[in-house]
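Chemist: To start, I am sharing the structure in question, which I have written as structure tokens.
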Amino acid sequence: MERLKEKYKKKVVPKLEKDFGWQNPMAVPKLAKVVLNSGTGQALQDAKMLDTVIANLRQLSGQQPVKTRAKKSISNFKIREGMVVGVKATLRGQKMYDFVDRLINVVLPRVRDFRGLPLSGFDGRGNYTLGIKEQTVFPEINPNDVEKNHGLDITIVTTAQDDKTGTALLKYLGFPFREK
């Protein structure tokens, strides 16, 4: 299933070369990695919640997620340095392309009241972050097995130098951005 990778090579690269006047195909930005991150604030009280989040992220990414730990103690949130506060998985290569293809064509159309992705998710360096409020929009997760919903942050890291080229890359790949 190399649909998105083929689309990038055959359609996106020539369009970007034409739009930005690049002579060298290696200058064209591409997807570098996709980072799936889920903060597990509720896991401090409920240890089973962390196991559920890890299992869900394993299903979505196809690989074992990594626990992220607190760097500082924050007394208001009852967090001590070194406590597990989240789970993340980094996708590269073919898994990354497969995940982005599923995200564009299957997951985003299933989001309730979806009107397009906001352009405000860019970070100034061509990378895009979006948040999904419930993990049940992914077809891999059975909604009947979900006890508690948790959110998910998806960061798409590109080799683009600025938001203009990053936006063009993701638009040509098929990301449904909101019109202003």
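If you're wondering about the labels, chains in the structure tokens are A, B, ... by order shown, residues count from 1 in each chain, ligands from 1 in order shown.
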Identify all residues of chain A in alpha helix (DSSP H) (DSSP on the backbone) and supply them as a ChimeraX atom specification.
Modeler: /A:3-7,13-20,47-61,93-102,108-110,163-173
Chemist: For range 2-14 of chain A, list every protein, DNA or RNA residue within 12 Å, evaluated using only C-alpha atoms, and leave out those in the same chain fewer than 2 positions away; present the list as number ranges by chain.
Modeler: A: 16-31, 93-105, 165, 168-175
Chemist: Measuring atom to atom with only C-alpha atoms, identify which of A:Leu152, A:Ala160, A:Val111, A:Val66 is nearest to Val137 in chain A.
Modeler: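 Distance minimum relative to Val137 in chain A lands on A:Val111.
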Chemist: Could you go through chain A and tell me which residues DSSP, when run on the backbone, assigns to strand (DSSP E), listing them as a ChimeraX atom specification?
Modeler: /A:31-39,66-69,84-91,128-132,152-158
Chemist: Write to file, as a PDB file, in the first residue's frame, the residues of the selection just made, with C-alpha atoms.
Modeler:
ATOM      1  CA  LEU A  31       7.632  14.128   5.184  1.00  0.00           C
ATOM      2  CA  ALA A  32      10.322  13.325   7.760  1.00  0.00           C
ATOM      3  CA  LYS A  33       8.317  11.666  10.554  1.00  0.00           C
ATOM      4  CA  VAL A  34       4.970  11.556  12.322  1.00  0.00           C
ATOM      5  CA  VAL A  35       4.836  11.704  16.118  1.00  0.00           C
ATOM      6  CA  LEU A  36       1.746  10.402  17.925  1.00  0.00           C
ATOM      7  CA  ASN A  37       1.510  11.729  21.475  1.00  0.00           C
ATOM      8  CA  SER A  38      -1.084  11.227  24.177  1.00  0.00           C
ATOM      9  CA  GLY A  39      -0.893  12.962  27.535  1.00  0.00           C
ATOM     10  CA  VAL A  66       7.433   4.968  24.663  1.00  0.00           C
ATOM     11  CA  LYS A  67       6.437   6.383  28.048  1.00  0.00           C
ATOM     12  CA  THR A  68       7.301  10.048  28.535  1.00  0.00           C
ATOM     13  CA  ARG A  69       8.247  11.249  32.004  1.00  0.00           C
ATOM     14  CA  VAL A  84       4.920   8.947  33.617  1.00  0.00           C
ATOM     15  CA  VAL A  85       2.833  11.757  32.114  1.00  0.00           C
ATOM     16  CA  GLY A  86       2.353  10.584  28.538  1.00  0.00           C
ATOM     17  CA  VAL A  87       2.957   8.069  25.800  1.00  0.00           C
ATOM     18  CA  LYS A  88       4.391   8.681  22.319  1.00  0.00           C
ATOM     19  CA  ALA A  89       5.260   6.785  19.164  1.00  0.00           C
ATOM     20  CA  THR A  90       7.371   8.050  16.269  1.00  0.00           C
ATOM     21  CA  LEU A  91       6.610   6.740  12.782  1.00  0.00           C
ATOM     22  CA  TYR A 128       1.987  20.709  11.437  1.00  0.00           C
ATOM     23  CA  THR A 129       0.272  19.576  14.637  1.00  0.00           C
ATOM     24  CA  LEU A 130      -3.350  18.575  15.010  1.00  0.00           C
ATOM     25  CA  GLY A 131      -5.300  17.211  17.927  1.00  0.00           C
ATOM     26  CA  ILE A 132      -7.972  14.541  17.929  1.00  0.00           C
ATOM     27  CA  LEU A 152      -4.216  12.287  20.721  1.00  0.00           C
ATOM     28  CA  ASP A 153      -1.803  14.854  19.285  1.00  0.00           C
ATOM     29  CA  ILE A 154      -0.420  14.144  15.824  1.00  0.00           C
ATOM     30  CA  THR A 155       2.640  16.092  14.673  1.00  0.00           C
ATOM     31  CA  ILE A 156       3.653  15.856  11.039  1.00  0.00           C
ATOM     32  CA  VAL A 157       7.323  16.829  10.728  1.00  0.00           C
ATOM     33  CA  THR A 158       8.469  17.920   7.266  1.00  0.00           C
TER      34      THR A 158
END
Chemist: Could you work out how far CA of Thr52 in chain A lies from CA of Thr40 in chain A, giving the answer in Å with one decimal?
Modeler: 10.2 Å
